[in-house]
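K.L.:
This is model04.txt (compact mmCIF, C-alpha atoms and all ligand atoms).
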```txt
# COMPACT_ATOMS: atom_id res chain seq x y z
CA MET P 1 16.05 -20.79 -8.64
CA ASN P 2 13.08 -22.79 -9.89
CA GLY P 3 9.90 -23.48 -7.92
CA ILE P 4 7.12 -21.50 -6.33
CA ILE P 5 7.51 -18.16 -4.60
CA LEU P 6 4.63 -17.70 -2.20
CA VAL P 7 3.70 -14.14 -1.24
CA LEU P 8 1.79 -13.57 2.00
CA ASN P 9 0.17 -10.39 3.26
CA ALA P 10 -1.31 -10.85 6.72
CA GLY P 11 -3.75 -8.14 7.83
CA SER P 12 -5.85 -7.86 10.97
CA SER P 13 -8.55 -10.26 9.78
CA SER P 14 -7.28 -11.40 6.40
CA LEU P 15 -4.47 -13.42 4.91
CA LYS P 16 -3.82 -12.62 1.25
CA PHE P 17 -1.62 -14.80 -0.89
CA ALA P 18 -0.16 -15.01 -4.37
CA ALA P 19 1.81 -17.88 -5.87
CA PHE P 20 4.37 -17.19 -8.61
CA ALA P 21 6.29 -19.81 -10.58
CA ALA P 22 9.95 -18.83 -10.75
CA ALA P 23 11.91 -20.18 -13.70
CA LYS P 24 15.23 -18.74 -14.87
CA GLY P 25 14.58 -15.51 -13.00
CA VAL P 26 11.15 -14.96 -14.59
CA LEU P 27 8.09 -14.87 -12.34
CA THR P 28 4.72 -16.05 -13.63
CA LEU P 29 1.63 -15.57 -11.51
CA GLN P 30 -0.17 -18.88 -10.93
CA CYS P 31 -3.00 -17.83 -8.65
CA ALA P 32 -3.84 -15.41 -5.87
CA GLY P 33 -6.53 -14.96 -3.28
CA GLN P 34 -7.27 -14.59 0.37
CA VAL P 35 -8.95 -15.81 3.48
CA GLU P 36 -10.86 -12.85 4.88
CA GLY P 37 -12.99 -12.54 8.00
CA ILE P 38 -10.55 -14.53 10.17
CA GLY P 39 -11.90 -14.63 13.71
CA ALA P 40 -15.43 -13.83 12.53
CA THR P 41 -16.95 -15.42 9.42
CA PRO P 42 -14.01 -16.56 7.29
CA ARG P 43 -14.35 -16.79 3.52
CA PHE P 44 -11.81 -18.08 1.02
CA ILE P 45 -11.55 -16.86 -2.54
CA ALA P 46 -8.92 -17.62 -5.15
CA ARG P 47 -8.38 -16.24 -8.65
CA ASN P 48 -6.29 -17.37 -11.59
CA ALA P 49 -3.72 -15.19 -13.36
CA GLU P 50 -6.51 -13.66 -15.46
CA GLY P 51 -8.34 -12.55 -12.32
CA GLU P 52 -11.18 -15.06 -12.74
CA THR P 53 -12.53 -16.65 -9.58
CA ILE P 54 -11.50 -20.30 -9.50
CA ALA P 55 -12.39 -21.30 -5.94
CA THR P 56 -14.52 -20.10 -3.03
CA GLU P 57 -15.20 -21.58 0.39
CA GLY P 58 -17.48 -20.34 3.13
CA TRP P 59 -17.02 -23.23 5.56
CA ALA P 60 -20.76 -23.45 6.15
CA GLY P 61 -20.25 -27.05 7.23
CA GLY P 62 -17.77 -26.10 9.97
CA GLY P 63 -13.98 -26.24 10.14
CA ALA P 64 -13.55 -22.53 9.43
CA PRO P 65 -10.03 -21.27 10.22
CA ALA P 66 -9.98 -19.21 13.44
CA SER P 67 -6.38 -17.96 13.29
CA HIS P 68 -3.79 -16.85 10.74
CA ALA P 69 -2.04 -20.20 11.17
CA ALA P 70 -5.26 -22.08 10.42
CA ALA P 71 -5.97 -19.78 7.46
CA LEU P 72 -2.49 -20.48 6.10
CA ASP P 73 -3.13 -24.22 6.45
CA ALA P 74 -6.36 -23.83 4.48
CA ILE P 75 -4.51 -21.89 1.76
CA ILE P 76 -1.66 -24.43 1.61
CA THR P 77 -4.06 -27.35 1.41
CA TRP P 78 -5.82 -25.69 -1.51
CA LEU P 79 -2.51 -24.71 -3.15
CA ASP P 80 -1.21 -28.29 -2.91
CA GLY P 81 -3.83 -29.29 -5.41
CA MET P 82 -2.96 -26.34 -7.68
CA LEU P 83 0.81 -26.49 -7.88
CA ASP P 84 1.30 -30.04 -9.23
CA GLY P 85 3.93 -30.90 -6.64
CA ARG P 86 6.16 -27.92 -7.44
CA PRO P 87 7.94 -26.96 -4.20
CA VAL P 88 7.66 -23.62 -2.43
CA VAL P 89 11.27 -22.36 -2.51
CA GLY P 90 10.73 -19.02 -0.80
CA VAL P 91 8.05 -17.08 1.06
CA GLY P 92 7.88 -13.30 0.76
CA HIS P 93 6.01 -11.37 3.44
CA ARG P 94 4.60 -7.89 3.35
CA VAL P 95 5.71 -6.19 6.56
CA VAL P 96 4.28 -2.75 7.20
CA HIS P 97 7.12 -1.35 9.30
CA GLY P 98 10.85 -1.65 8.90
CA GLY P 99 11.66 1.26 11.21
CA PRO P 100 14.62 3.52 10.45
CA ASP P 101 17.05 0.71 9.65
CA PHE P 102 15.42 -1.85 7.34
CA SER P 103 15.86 -0.18 3.97
CA ALA P 104 15.81 -3.34 1.83
CA PRO P 105 14.11 -6.75 1.74
CA THR P 106 15.62 -8.94 4.44
CA LEU P 107 16.04 -12.66 5.00
CA ILE P 108 14.25 -13.46 8.24
CA ASP P 109 16.04 -15.24 11.07
CA VAL P 110 15.54 -15.24 14.84
CA GLY P 111 17.46 -11.97 15.24
CA VAL P 112 15.46 -10.20 12.51
CA MET P 113 12.20 -11.48 14.02
CA ALA P 114 13.21 -9.94 17.37
CA GLU P 115 14.00 -6.61 15.68
CA LEU P 116 10.65 -6.65 13.88
CA GLN P 117 8.95 -7.40 17.20
CA ASP P 118 10.63 -4.31 18.68
CA LEU P 119 8.97 -2.22 15.94
CA VAL P 120 5.43 -3.27 16.99
CA PRO P 121 4.86 -0.01 18.95
CA LEU P 122 5.39 1.92 15.68
CA ALA P 123 2.55 0.03 13.95
CA PRO P 124 0.50 -1.65 16.68
CA LEU P 125 -2.52 -2.19 14.43
CA HIS P 126 -0.62 -3.92 11.62
CA GLN P 127 2.80 -5.25 12.59
CA PRO P 128 1.58 -7.99 15.00
CA HIS P 129 -0.53 -9.53 12.22
CA ASN P 130 2.39 -9.43 9.78
CA LEU P 131 4.56 -11.20 12.36
CA ALA P 132 1.83 -13.78 13.03
CA GLY P 133 1.86 -14.53 9.30
CA ILE P 134 5.64 -15.01 9.34
CA ALA P 135 5.47 -17.28 12.39
CA ALA P 136 2.76 -19.41 10.80
CA ALA P 137 4.69 -19.70 7.51
CA ALA P 138 7.98 -20.50 9.26
CA LYS P 139 6.27 -23.37 11.05
CA ARG P 140 4.49 -24.63 7.94
CA PHE P 141 7.56 -24.31 5.64
CA ARG P 142 10.44 -25.39 7.85
CA GLY P 143 13.79 -24.64 6.24
CA VAL P 144 12.27 -22.55 3.41
CA PRO P 145 13.72 -19.00 3.33
CA GLN P 146 11.30 -16.30 4.50
CA VAL P 147 11.86 -12.75 3.28
CA ALA P 148 10.45 -9.58 4.86
CA CYS P 149 9.51 -6.84 2.37
CA PHE P 150 8.75 -3.52 4.01
CA ASP P 151 6.20 -0.84 3.16
CA THR P 152 8.57 1.74 4.63
CA ALA P 153 11.85 0.63 3.00
CA PHE P 154 11.49 2.49 -0.32
CA HIS P 155 11.16 5.78 1.56
CA ARG P 156 14.46 5.50 3.38
CA THR P 157 16.17 7.53 0.64
CA GLN P 158 14.19 10.60 1.76
CA PRO P 159 16.41 13.54 2.71
CA PHE P 160 16.38 14.65 6.35
CA VAL P 161 13.93 17.51 5.72
CA ALA P 162 11.36 15.04 4.40
CA ASP P 163 12.08 12.47 7.10
CA THR P 164 11.72 14.64 10.19
CA PHE P 165 9.12 16.56 12.16
CA GLY P 166 9.79 19.96 13.71
CA LEU P 167 10.44 18.39 17.10
CA PRO P 168 13.63 18.47 19.17
CA ILE P 169 16.17 16.37 17.29
CA ALA P 170 16.32 13.74 20.05
CA TYR P 171 12.88 12.53 18.97
CA HIS P 172 14.17 11.83 15.47
CA ALA P 173 16.91 9.68 16.97
CA ARG P 174 14.21 7.88 18.97
CA GLY P 175 12.45 6.90 15.77
CA ILE P 176 9.77 9.58 15.57
CA ARG P 177 10.11 10.20 11.85
CA ARG P 178 8.13 10.45 8.65
CA TYR P 179 8.46 6.83 7.54
CA GLY P 180 6.03 6.83 4.63
CA PHE P 181 4.08 3.73 3.54
CA HIS P 182 2.86 1.99 0.34
CA GLY P 183 6.57 1.71 -0.53
CA LEU P 184 6.19 -1.61 -2.37
CA SER P 185 3.59 -0.04 -4.64
CA TYR P 186 5.79 3.00 -5.34
CA GLU P 187 8.82 0.85 -6.01
CA TYR P 188 6.83 -1.27 -8.47
CA ILE P 189 5.55 1.85 -10.27
CA ALA P 190 9.00 3.50 -10.33
CA ARG P 191 10.57 0.37 -11.84
CA ARG P 192 7.77 -0.04 -14.33
CA ILE P 193 7.99 3.54 -15.56
CA ALA P 194 11.79 3.19 -15.81
CA ALA P 195 11.40 -0.03 -17.83
CA GLU P 196 8.90 1.64 -20.19
CA ASP P 197 10.82 4.90 -20.57
CA PRO P 198 14.27 5.15 -18.96
CA VAL P 199 14.45 8.92 -19.41
CA LEU P 200 11.12 9.49 -17.69
CA GLY P 201 12.05 6.89 -15.06
CA SER P 202 15.10 8.93 -14.11
CA GLY P 203 13.04 12.13 -13.98
CA ARG P 204 10.65 13.64 -11.42
CA LEU P 205 7.50 11.65 -10.68
CA VAL P 206 4.62 12.26 -8.31
CA VAL P 207 2.78 8.98 -7.78
CA CYS P 208 -0.73 8.93 -6.28
CA HIS P 209 -1.53 5.57 -4.65
CA LEU P 210 -5.24 6.10 -4.06
CA GLY P 211 -7.10 3.11 -2.59
CA ASN P 212 -8.83 2.49 0.72
CA GLY P 213 -5.55 3.67 2.16
CA SER P 214 -4.12 6.56 0.13
CA SER P 215 -0.81 8.33 -0.05
CA LEU P 216 1.41 10.15 -2.53
CA CYS P 217 5.13 9.90 -3.11
CA ALA P 218 7.64 12.17 -4.83
CA ILE P 219 10.30 10.19 -6.68
CA ALA P 220 13.38 11.61 -8.40
CA GLY P 221 15.98 9.54 -10.22
CA GLY P 222 14.07 6.40 -9.19
CA HIS P 223 14.41 7.18 -5.48
CA ALA P 224 11.77 8.33 -2.98
CA GLN P 225 12.21 11.92 -1.90
CA ALA P 226 9.06 12.68 0.11
CA SER P 227 5.78 11.07 1.12
CA SER P 228 2.41 12.42 2.18
CA MET P 229 2.30 9.78 4.93
CA GLY P 230 4.31 10.29 8.07
CA PHE P 231 4.84 8.44 11.33
CA THR P 232 1.71 6.35 10.82
CA ALA P 233 -0.59 5.58 7.92
CA LEU P 234 -2.99 8.26 9.24
CA ASP P 235 -1.21 11.28 7.82
CA GLY P 236 -1.51 12.93 4.41
CA VAL P 237 -4.63 12.86 2.27
CA PRO P 238 -8.04 11.73 3.56
CA MET P 239 -8.76 8.03 3.03
CA GLY P 240 -11.72 5.66 3.08
CA THR P 241 -12.08 5.85 6.85
CA ARG P 242 -8.87 7.64 7.97
CA CYS P 243 -8.69 11.38 8.48
CA GLY P 244 -5.43 12.27 6.74
CA GLN P 245 -3.53 15.38 7.82
CA ILE P 246 -4.93 16.92 10.98
CA ASP P 247 -3.72 19.61 13.35
CA PRO P 248 -2.30 17.68 16.35
CA GLY P 249 -4.04 20.28 18.51
CA VAL P 250 -7.36 18.71 17.49
CA VAL P 251 -6.28 15.41 19.07
CA LEU P 252 -5.22 17.18 22.27
CA HIS P 253 -8.55 19.02 22.35
CA MET P 254 -10.51 15.80 21.93
CA ILE P 255 -8.69 14.23 24.86
CA ASP P 256 -8.33 17.20 27.20
CA THR P 257 -11.56 19.11 26.56
CA LEU P 258 -14.02 16.68 24.98
CA GLY P 259 -12.97 13.95 27.42
CA MET P 260 -12.47 11.29 24.77
CA THR P 261 -10.23 8.35 25.60
CA THR P 262 -7.22 7.59 23.39
CA ALA P 263 -9.02 4.42 22.28
CA GLU P 264 -12.02 6.50 21.17
CA VAL P 265 -9.83 8.99 19.32
CA THR P 266 -7.89 6.16 17.68
CA LYS P 267 -11.12 4.56 16.48
CA LEU P 268 -12.45 7.88 15.19
CA LEU P 269 -9.28 8.78 13.29
CA TYR P 270 -8.70 5.31 11.80
CA ASN P 271 -12.22 3.99 11.28
CA GLY P 272 -14.76 6.79 11.35
CA SER P 273 -13.18 9.66 9.45
CA GLY P 274 -12.10 10.44 5.87
CA LEU P 275 -14.62 9.77 3.11
CA LYS P 276 -16.83 7.77 5.46
CA GLY P 277 -16.93 10.43 8.15
CA LEU P 278 -17.45 13.33 5.77
CA SER P 279 -20.08 11.66 3.60
CA GLY P 280 -21.88 9.66 6.27
CA ILE P 281 -22.46 7.20 3.41
CA SER P 282 -19.45 4.94 3.13
CA GLY P 283 -15.67 4.94 2.87
CA ASP P 284 -15.94 3.37 -0.59
CA VAL P 285 -15.77 5.77 -3.53
CA ARG P 286 -18.07 3.69 -5.71
CA ALA P 287 -20.75 3.64 -3.02
CA ILE P 288 -20.42 7.39 -2.47
CA GLU P 289 -20.61 8.14 -6.20
CA ALA P 290 -23.64 5.86 -6.54
CA GLU P 291 -25.46 7.66 -3.71
CA GLY P 292 -24.61 11.15 -4.96
CA GLY P 293 -26.07 14.33 -3.44
CA GLU P 294 -24.66 16.98 -1.16
CA ALA P 295 -22.98 14.67 1.35
CA ALA P 296 -21.21 12.75 -1.41
CA GLU P 297 -20.13 16.02 -3.00
CA ARG P 298 -18.71 17.25 0.31
CA ALA P 299 -16.56 14.14 0.80
CA LEU P 300 -15.36 13.79 -2.79
CA GLY P 301 -14.69 17.53 -3.05
CA TYR P 302 -12.51 17.46 0.06
CA PHE P 303 -10.67 14.35 -1.16
CA ALA P 304 -9.90 15.92 -4.56
CA TYR P 305 -8.84 19.21 -2.95
CA ARG P 306 -6.40 17.56 -0.55
CA VAL P 307 -4.88 15.27 -3.18
CA ARG P 308 -4.47 18.27 -5.55
CA ARG P 309 -2.70 20.26 -2.81
CA GLU P 310 -0.41 17.32 -2.05
CA ILE P 311 0.52 16.86 -5.73
CA ALA P 312 1.64 20.48 -5.97
CA ALA P 313 3.47 20.31 -2.63
CA LEU P 314 5.33 17.13 -3.61
CA ALA P 315 6.18 18.57 -7.04
CA ALA P 316 7.69 21.54 -5.19
CA SER P 317 9.71 19.18 -2.99
CA ILE P 318 11.54 17.80 -6.06
CA GLY P 319 11.77 21.03 -8.05
CA GLY P 320 9.08 20.21 -10.62
CA ILE P 321 7.24 17.32 -12.17
CA ASP P 322 7.70 15.30 -15.38
CA ALA P 323 4.91 12.79 -14.82
CA LEU P 324 1.95 12.34 -12.53
CA VAL P 325 1.00 8.68 -12.06
CA PHE P 326 -2.32 7.41 -10.71
CA THR P 327 -2.53 3.92 -9.24
CA ALA P 328 -4.55 1.63 -6.85
CA GLY P 329 -8.35 1.20 -6.80
CA ILE P 330 -9.34 4.87 -7.02
CA GLY P 331 -6.33 6.00 -9.06
CA GLU P 332 -6.78 3.22 -11.62
CA ASN P 333 -10.54 3.51 -11.97
CA ALA P 334 -12.24 6.62 -10.60
CA ARG P 335 -12.26 8.80 -13.71
CA GLY P 336 -14.41 11.54 -12.21
CA LEU P 337 -12.15 11.95 -9.20
CA ARG P 338 -9.00 11.93 -11.34
CA ALA P 339 -10.40 14.75 -13.45
CA ARG P 340 -11.39 16.70 -10.34
CA ILE P 341 -7.98 16.25 -8.75
CA CYS P 342 -6.17 17.51 -11.85
CA ASP P 343 -8.58 20.39 -12.43
CA GLY P 344 -6.61 23.43 -11.25
CA LEU P 345 -3.15 21.92 -11.67
CA GLY P 346 -2.61 23.57 -15.05
CA PHE P 347 -0.22 26.04 -13.39
CA ILE P 348 2.32 23.21 -12.96
CA GLY P 349 1.59 21.82 -16.42
CA VAL P 350 -0.82 19.05 -15.39
CA THR P 351 -3.87 18.80 -17.65
CA VAL P 352 -6.11 15.89 -18.56
CA ASP P 353 -7.65 15.00 -21.91
CA PRO P 354 -11.32 14.31 -21.00
CA ALA P 355 -11.80 11.66 -23.70
CA ARG P 356 -8.66 9.74 -22.72
CA ASN P 357 -9.57 9.97 -19.06
CA ALA P 358 -13.10 8.72 -19.72
CA ALA P 359 -11.67 5.82 -21.73
CA ASN P 360 -9.30 5.03 -18.82
CA ASP P 361 -6.30 5.18 -21.17
CA ALA P 362 -2.82 4.43 -19.87
CA GLU P 363 -1.90 8.05 -20.67
CA ILE P 364 -4.61 10.60 -19.98
CA SER P 365 -2.73 13.85 -20.72
CA HIS P 366 -2.81 15.53 -24.15
CA ASP P 367 -0.18 14.65 -26.74
CA GLY P 368 2.91 16.75 -26.16
CA ALA P 369 1.79 17.88 -22.69
CA GLY P 370 4.55 19.29 -20.48
CA VAL P 371 3.64 16.82 -17.76
CA ARG P 372 2.57 13.31 -18.71
CA VAL P 373 -0.36 12.00 -16.69
CA LEU P 374 -0.33 8.21 -16.52
CA VAL P 375 -2.57 5.48 -15.13
CA ARG P 376 -0.80 2.28 -14.12
CA ARG P 377 -1.98 -0.81 -12.26
CA THR P 378 0.10 -1.44 -9.19
CA ASP P 379 1.26 -4.95 -8.25
CA GLU P 380 2.65 -5.13 -4.73
CA GLU P 381 2.55 -8.95 -4.74
CA ARG P 382 4.81 -9.12 -7.77
CA MET P 383 7.18 -6.62 -6.17
CA ILE P 384 7.39 -8.85 -3.07
CA ALA P 385 7.96 -11.92 -5.24
CA GLU P 386 10.74 -10.12 -7.14
CA HIS P 387 12.37 -9.05 -3.90
CA THR P 388 12.12 -12.57 -2.51
CA LEU P 389 13.71 -14.00 -5.63
CA GLY P 390 16.45 -11.37 -5.41
CA VAL P 391 17.25 -12.24 -1.80
CA LEU P 392 17.31 -15.97 -2.63
CA ALA P 393 19.61 -15.37 -5.61
CA ALA P 394 21.99 -13.22 -3.53
CA ARG P 395 22.10 -16.00 -0.95
CA GLY P 396 23.21 -18.44 -3.65
P1 LIG D 401 -7.02 -1.22 -0.81
O1 LIG D 401 -6.30 -0.03 -0.27
O2 LIG D 401 -7.89 -1.91 0.19
O3 LIG D 401 -6.13 -2.17 -1.61
P2 LIG D 401 -8.15 -0.58 -3.41
O4 LIG D 401 -6.84 -0.20 -4.01
O5 LIG D 401 -8.82 -1.82 -3.88
O6 LIG D 401 -8.08 -0.61 -1.82
O7 LIG D 401 -9.14 0.67 -3.63
C1 LIG D 401 -10.46 0.64 -3.18
C2 LIG D 401 -11.14 1.96 -3.58
O8 LIG D 401 -11.13 2.04 -5.02
C3 LIG D 401 -12.57 2.04 -3.13
O9 LIG D 401 -12.87 3.34 -2.66
C4 LIG D 401 -13.34 1.78 -4.42
O10 LIG D 401 -14.63 2.36 -4.42
C5 LIG D 401 -12.45 2.45 -5.43
N1 LIG D 401 -12.76 1.98 -6.78
C6 LIG D 401 -12.52 0.76 -7.32
N2 LIG D 401 -13.05 0.69 -8.58
C7 LIG D 401 -13.62 1.90 -8.82
C8 LIG D 401 -14.33 2.46 -9.94
N3 LIG D 401 -14.55 1.76 -11.05
N4 LIG D 401 -14.77 3.73 -9.83
C9 LIG D 401 -14.57 4.45 -8.70
N5 LIG D 401 -13.90 3.98 -7.63
C10 LIG D 401 -13.44 2.72 -7.68
```
Kindly present the structure from the file in structure tokens form.
Ligand code: ADP
P.N.:
Amino acid sequence: MNGIILVLNAGSSSLKFAAFAAAKGVLTLQCAGQVEGIGATPRFIARNAEGETIATEGWAGGGAPASHAAALDAIITWLDGMLDGRPVVGVGHRVVHGGPDFSAPTLIDVGVMAELQDLVPLAPLHQPHNLAGIAAAAKRFRGVPQVACFDTAFHRTQPFVADTFGLPIAYHARGIRRYGFHGLSYEYIARRIAAEDPVLGSGRLVVCHLGNGSSLCAIAGGHAQASSMGFTALDGVPMGTRCGQIDPGVVLHMIDTLGMTTAEVTKLLYNGSGLKGLSGISGDVRAIEAEGGEAAERALGYFAYRVRREIAALAASIGGIDALVFTAGIGENARGLRARICDGLGFIGVTVDPARNAANDAEISHDGAGVRVLVRRTDEERMIAEHTLGVLAARG
């Protein structure tokens, strides 16, 4: 299968893309970028494979895209000039929710689209945008296979105890489960570790995907066993603006006693909590660290404490830990937070070499440590491209 695999990730106000050249089963990144600010003040930015900015557009002269379809047109028009006439042979889409049944990347047809539409109530803030991206691409690339790659799919190997809540069992059957998210990132990391070191890859990993959205995943034998995220992407550790784990009684109290509407509570839990809510500064770790002081300390201290707790809990869920892996914006870069998170985990064998951590080495534990502590860059776009290629190859 030779040609271009286009990866699309449609968010509420952004459309991210990456173009990979596929030749003899090998994928080579050509360029990536996004239109952000759709519906407000759209901006286009594209980077080459080295991450250097190669194009920007602010549409100051008018003609700014006002929808995902228009943003896709803008991206395609720009890509046409980049790809030297090489055809797009497949489009891979990031889809946040695959529900209980989609446990693998799936070729999209009318029936699949209808099933994905039925899952909108499970992810009302994200799924509609993902589906808008698919609809726009299907129209723009008639006849080109479209593949849905799910953030939840990797977690479908979780045992029942990790997949359920303590509710009457009928609710589990109705889809109220711990789905887990960031699955494409975890799958990429699990495969990468296995490729680097097959023995470690078949062992027990706890992976910390710490970005604006953060979660952790316990992986054993290459398969997901438990996630810090549950029914929605609100659960687990605190995030940039999301609260993380919270007693559901707090939500009831806000509605019943404080008189807040569900819309107000939703906004608070998704957009006004976590690092932003606790610090009052920002949801961005760099901004909080730059500001410093007591409020910054409060937010970063809580973040490190909750992530540390979750690491130990997930290690317990898989009977121990062979490697701890940090990834995503915070995990890959925030040395101070990494050290804080690991401080106190010596009892499960996790320790960090300060010099290696400060140098942002790929391995930040001491030589011969019982638990290897690794830093790896995640690449969800490549994972989607690989899945898309796999589905196309299987289709023949
Ligand atoms: P998203 O979930 O939107 O993909 P990212 O994975 O890009 O987010 O992570 C963004 C977070 O990573 C922000 O809190 C940002 O401050 C943090 N981050 C990125 N680089 C650094 C750095 N050098 N030091 C500390 N934090 C960083």
K.L.:
One number please: atom CA of P:Met113 to atom CA of P:Ala23, in Å, one decimal.
P.N.:
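These atoms are spaced 29.1 Å apart.
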K.L.:
Wanna dump the stretch 251-348 of chain P-stretch 378-388 of chain P contacts at 10 Å for me, each residue with its shortest atom pair and the distance in Å to one decimal, counting only C-alpha atoms, ordered by chain and number, as a Markdown table?
P.N.:
```
| residue | atom | partner | partner_atom | distance |
| --- | --- | --- | --- | --- |
| P:Phe326 | CA | P:Thr378 | CA | 9.3 |
| P:Thr327 | CA | P:Thr378 | CA | 6.0 |
| P:Ala328 | CA | P:Thr378 | CA | 6.0 |
| P:Gly329 | CA | P:Thr378 | CA | 9.2 |
| P:Gly331 | CA | P:Thr378 | CA | 9.8 |
| P:Glu332 | CA | P:Thr378 | CA | 8.7 |
```
K.L.:
Which polymer residues, protein or nucleic acid, are no farther than 9 Å from (7.6, 6.5, -9.9), counting only C-alpha atoms, as an MDAnalysis selection string?
P.N.:
chainID P and resid 186:194 201:207 217:224 323:325
K.L.:
Find, counting all atoms listed in the file, the residue in P:Gln225, P:Gln127, P:Asn333, P:Thr53 that gets nearest to ligand LIG 401 (chain D).
P.N.:
P:Asn333
K.L.:
Give me, as a PyMOL selection string, all polymer residues having an atom no more than 9 Å from P:Val285, counting all atoms listed in the file and skipping those fewer than 6 positions away in the same chain.
P.N.:
chain P and resi 212+240+275+300+330+334
K.L.:
Find the spatial neighbours of P:Lys24, counting all atoms listed in the file, within a cut-off of 10 Å - ignore same-chain residues fewer than 3 positions away - and output them as a ChimeraX atom specification.
P.N.:
/P:1-3,21,27
K.L.:
Let me make sure I understand: among P:Gly175, P:Gly301, P:Gly183, P:Gly61, which one has the smallest atom-to-atom distance to P:Ser227 if we use all atoms listed in the file?
P.N.:
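Closest to P:Ser227, using all atoms listed in the file: P:Gly183.
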K.L.:
Name the closest residue to ligand LIG 401 (chain D) among the candidates P:His209, P:Arg142, P:Arg308, P:His97; distances are taken between atoms, counting only C-alpha atoms and all ligand atoms.
P.N.:
P:His209
K.L.:
Need the shell around P:Ala123: protein/DNA/RNA residues with any atom at most 9 Å away, counting all atoms listed in the file. Skip same-chain ones fewer than 5 positions apart. Format as a PyMOL selection string?
P.N.:
chain P and resi 96-97+128+232-233
K.L.:
List every protein, DNA or RNA residue with an atom no more than 8 Å from (11.9, -12.4, 3.6) in the file's coordinates, counting all atoms listed in the file, and format the result as a list in words.
P.N.:
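Checked against the point, the hits come out as Val91, Gly92, His93, Pro105, Thr106, Leu107, Ile108, Pro145, Gln146, Val147, Ala148, Cys149, Thr388 and Val391 of chain P.
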K.L.:
Just want the 7 Å neighbourhood of P:Val371, counted on only C-alpha atoms, with same-chain residues fewer than 3 positions away dropped. Output as a PyMOL selection string.
P.N.:
chain P and resi 321-323+349-350
K.L.:
What's the separation between atom CA of P:Ala316 and atom P2 of ligand LIG 401 (chain D), in Å to one decimal place?
P.N.:
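Calculated distance between atom CA of P:Ala316 and atom P2 of ligand LIG 401 (chain D) is 27.3 Å.
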K.L.:
Using atom CA of P:Ala32 and atom CA of P:Arg47 as the two end points, give the distance in Å to one decimal.
P.N.:
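So the two atoms, atom CA of P:Ala32 and atom CA of P:Arg47, lie 5.4 Å apart.
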K.L.:
Please determine, counting all atoms listed in the file, which residue among P:Ala263, P:Val161, P:Leu268, P:Ala359 has the shortest atom-to-atom distance to ligand LIG 401 (chain D).
P.N.:
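Among the listed residues, the smallest separation from ligand LIG 401 (chain D) belongs to P:Ala359.
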K.L.:
Which centre and edge lengths in Å to one decimal define the box along x, y and z that fits every listed atom of stretch 280-286 of chain P plus 3 Å per side, as AutoDock Vina command-line options?
P.N.:
```
--center_x -19.1 --center_y 6.5 --center_z 0.3 --size_x 12.8 --size_y 12.3 --size_z 18.0
```
K.L.:
For ligand LIG 401 (chain D), which residue among P:Ser14, P:Ser214, P:Thr28, P:Gln34 is the nearest when counting all atoms listed in the file?
P.N.:
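Selected residue with least distance to ligand LIG 401 (chain D): P:Ser214.
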K.L.:
I want to know what sits within 6 Å of stretch 362-368 of chain P, based on all atoms listed in the file, with residues of the same chain fewer than 2 positions away left out; could you give that as a short mmCIF file (atom, residue, chain, number, x, y, z; two decimals) with C-alpha atoms, in the coordinates of the input?
P.N.:
```
data_model
loop_
_atom_site.label_atom_id
_atom_site.label_comp_id
_atom_site.auth_asym_id
_atom_site.auth_seq_id
_atom_site.Cartn_x
_atom_site.Cartn_y
_atom_site.Cartn_z
CA THR P 351 -3.87 18.80 -17.65
CA VAL P 352 -6.11 15.89 -18.56
CA ASP P 353 -7.65 15.00 -21.91
CA ARG P 356 -8.66 9.74 -22.72
CA ASN P 357 -9.57 9.97 -19.06
CA ARG P 372 2.57 13.31 -18.71
CA VAL P 373 -0.36 12.00 -16.69
CA LEU P 374 -0.33 8.21 -16.52
CA VAL P 375 -2.57 5.48 -15.13
#
```
K.L.:
When distances are computed from only C-alpha atoms and all ligand atoms, which of P:Asn9, P:Ile38, P:Gly99, P:Leu167 shows the smallest separation from ligand LIG 401 (chain D)?
P.N.:
P:Asn9
K.L.:
Please, can stretch 54-58 of chain P be completed to N, CA, C and O atoms and returned as a CSV table (one decimal), in the coordinates of the input?
P.N.:
```csv
chain,number,residue,atom,x,y,z
P,54,ILE,N,-11.6,-18.9,-9.2
P,54,ILE,CA,-11.5,-20.3,-9.5
P,54,ILE,C,-11.8,-21.2,-8.3
P,54,ILE,O,-12.0,-22.4,-8.4
P,55,ALA,N,-12.0,-20.5,-7.1
P,55,ALA,CA,-12.4,-21.3,-5.9
P,55,ALA,C,-13.0,-20.4,-4.9
P,55,ALA,O,-12.5,-19.2,-4.7
P,56,THR,N,-14.0,-20.8,-4.2
P,56,THR,CA,-14.5,-20.1,-3.0
P,56,THR,C,-14.9,-21.1,-2.0
P,56,THR,O,-15.1,-22.3,-2.3
P,57,GLU,N,-14.8,-20.7,-0.7
P,57,GLU,CA,-15.2,-21.6,0.4
P,57,GLU,C,-15.8,-20.7,1.5
P,57,GLU,O,-15.2,-19.7,1.8
P,58,GLY,N,-16.9,-21.1,2.0
P,58,GLY,CA,-17.5,-20.3,3.1
P,58,GLY,C,-17.5,-21.1,4.4
P,58,GLY,O,-17.9,-20.6,5.5
```
